[in-house]
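For reference, the structure discussed in these notes is given below.
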Amino acid sequence: MREAGTRQPWLLPVVLVAVAVTATGGLVAREFYADAGLAAAPPAILPSESTLPVADQPGPRDVRATRDATQHPLYETVRQLLQTYFDAINGKNYDRWQTTVTAGRIKDMPEQNWRAAYRSTQDGSVVVYRIETGPATSARVLLTFISNQDVVDAPLELPAECIRWRVVFPLTVEDDVWKLDAGATGASPQHEAC
């Protein structure tokens with residue numbers, strides 16, 4: 001039988017080792033499960049300023065997104081809508097473009113005007129940064145993209161062959177389908193020469 005005042009010198013080091021092992025195990029488990037969660041999530045495209053030479057612009061033609069955007073419930077719908085929209089512009093396919101925009105935008109951009117506006121335009125490096133939903137039938141998409149065009153087809157305020165755009169596209173539901181809408185959010189994009 002031990003006396004009440006006897007110390008057990010081995011107890012403190014054992015407790016410290018147990019605490020250290022538990023803490024280390026917790027950190028390792030946290031990193032493991034965090035990595036496993038990232039593997040299941042869609043790959044994030046980090047915002048970047050393209051370093052491609054102007055001759056290689058506008059860059060990739062597929063719509064990409066930041067991790068924040070990919071987590072939004074509307075992401076896949078928005079990605080497909082934007083992919084069709086930009087593919088229609090790049091392919092000079094007015095009929096296909098019409099499937100992506102509201103009746104109001106079609107009315108404001110008849111085919112002859114559309115063909116003149118996009119005759120030399122090629123868009124790429126599209127990155128969706130954020131998707132925000134409003135009332136049940138509206139949303140806004142913050143994105144960037146790069147356009148190449150003949151200087152004569154560039155905006156009057158920025159006559160450049162290569163332009164980096166930062167825009168907010170308004171979306172609305174029309175005939176039960178999400179479409180790109182016209183409106184104040186899309187009317188004043190920020191842009192600069194590449």
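Chain labels run A, B, ... following the order of the structure tokens; each chain numbers its residues from 1, and ligands are numbered from 1 in the order shown.
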Skipping near chain neighbours, those fewer than 6 positions away, what residues fall within 8 Å of stretch 98-115 of chain A using only C-alpha atoms, listed as a compact mmCIF listing (two decimals) with N, CA and C atoms, in the first residue's frame?
# COMPACT_ATOMS: atom_id res chain seq x y z
N LEU A 81 -24.75 28.40 -69.04
CA LEU A 81 -25.31 29.57 -69.72
C LEU A 81 -24.20 30.45 -70.29
N LEU A 82 -23.20 30.74 -69.48
CA LEU A 82 -22.09 31.58 -69.94
C LEU A 82 -21.27 30.89 -71.02
N THR A 84 -22.36 28.78 -73.27
CA THR A 84 -23.12 28.90 -74.51
C THR A 84 -23.07 30.32 -75.05
N TYR A 85 -23.18 31.30 -74.16
CA TYR A 85 -23.15 32.72 -74.54
C TYR A 85 -21.82 33.06 -75.23
N LYS A 92 -19.81 33.23 -83.85
CA LYS A 92 -20.64 34.14 -84.66
C LYS A 92 -22.01 33.51 -84.96
N THR A 172 -32.02 36.58 -65.12
CA THR A 172 -33.42 36.49 -64.73
C THR A 172 -34.01 35.21 -65.30
N GLU A 174 -36.77 33.55 -67.44
CA GLU A 174 -37.74 33.88 -68.48
C GLU A 174 -38.20 32.57 -69.10
N TRP A 178 -33.12 30.27 -66.95
CA TRP A 178 -32.24 31.40 -66.61
C TRP A 178 -31.65 31.98 -67.88
N LYS A 179 -31.70 33.32 -67.97
CA LYS A 179 -31.18 34.03 -69.15
C LYS A 179 -30.37 35.24 -68.68
N LEU A 180 -29.46 35.69 -69.54
CA LEU A 180 -28.73 36.93 -69.28
C LEU A 180 -29.65 38.09 -69.63
N ASP A 181 -29.76 39.02 -68.71
CA ASP A 181 -30.68 40.14 -68.85
C ASP A 181 -29.91 41.42 -69.13
N ALA A 182 -30.62 42.43 -69.54
CA ALA A 182 -30.04 43.77 -69.66
C ALA A 182 -30.33 44.49 -68.36
Listing only residues of stretch 85-122 of chain A within 9 Å of stretch 147-165 of chain A, what is the closest atom pair and its distance in Å (to one decimal) for each, using only C-alpha atoms, sorted by chain and residue number ascending, as a tab-separated table?
residue	atom	partner	partner_atom	distance
A:Ala116	CA	A:Asp153	CA	8.3
A:Ala117	CA	A:Asp153	CA	6.9
A:Tyr118	CA	A:Asp153	CA	7.7
A:Arg119	CA	A:Asp153	CA	7.8
A:Ser120	CA	A:Gln149	CA	5.0
A:Thr121	CA	A:Gln149	CA	4.5
A:Gln122	CA	A:Asn148	CA	5.2
Export of prior selection with N, CA, C and O atoms as a CSV table (one decimal), in the first residue's frame:
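Written output follows (out-v6.csv):
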chain,number,residue,atom,x,y,z
A,116,ALA,N,-22.5,43.2,-86.4
A,116,ALA,CA,-21.5,44.3,-86.5
A,116,ALA,C,-20.8,44.5,-85.2
A,116,ALA,O,-19.6,44.8,-85.2
A,117,ALA,N,-21.4,44.3,-84.1
A,117,ALA,CA,-20.8,44.5,-82.8
A,117,ALA,C,-19.8,43.5,-82.5
A,117,ALA,O,-18.7,43.8,-81.9
A,118,TYR,N,-20.0,42.2,-82.9
A,118,TYR,CA,-19.1,41.1,-82.6
A,118,TYR,C,-18.3,40.5,-83.8
A,118,TYR,O,-17.8,39.5,-83.7
A,119,ARG,N,-18.3,41.3,-84.9
A,119,ARG,CA,-17.7,40.7,-86.1
A,119,ARG,C,-16.3,40.2,-86.0
A,119,ARG,O,-15.9,39.2,-86.5
A,120,SER,N,-15.5,40.9,-85.2
A,120,SER,CA,-14.1,40.4,-85.0
A,120,SER,C,-13.8,40.0,-83.6
A,120,SER,O,-12.6,39.7,-83.3
A,121,THR,N,-14.8,39.9,-82.7
A,121,THR,CA,-14.6,39.6,-81.3
A,121,THR,C,-14.3,38.1,-81.1
A,121,THR,O,-15.0,37.3,-81.6
A,122,GLN,N,-13.3,37.8,-80.3
A,122,GLN,CA,-13.1,36.5,-79.7
A,122,GLN,C,-12.9,36.7,-78.2
A,122,GLN,O,-12.0,37.5,-77.8
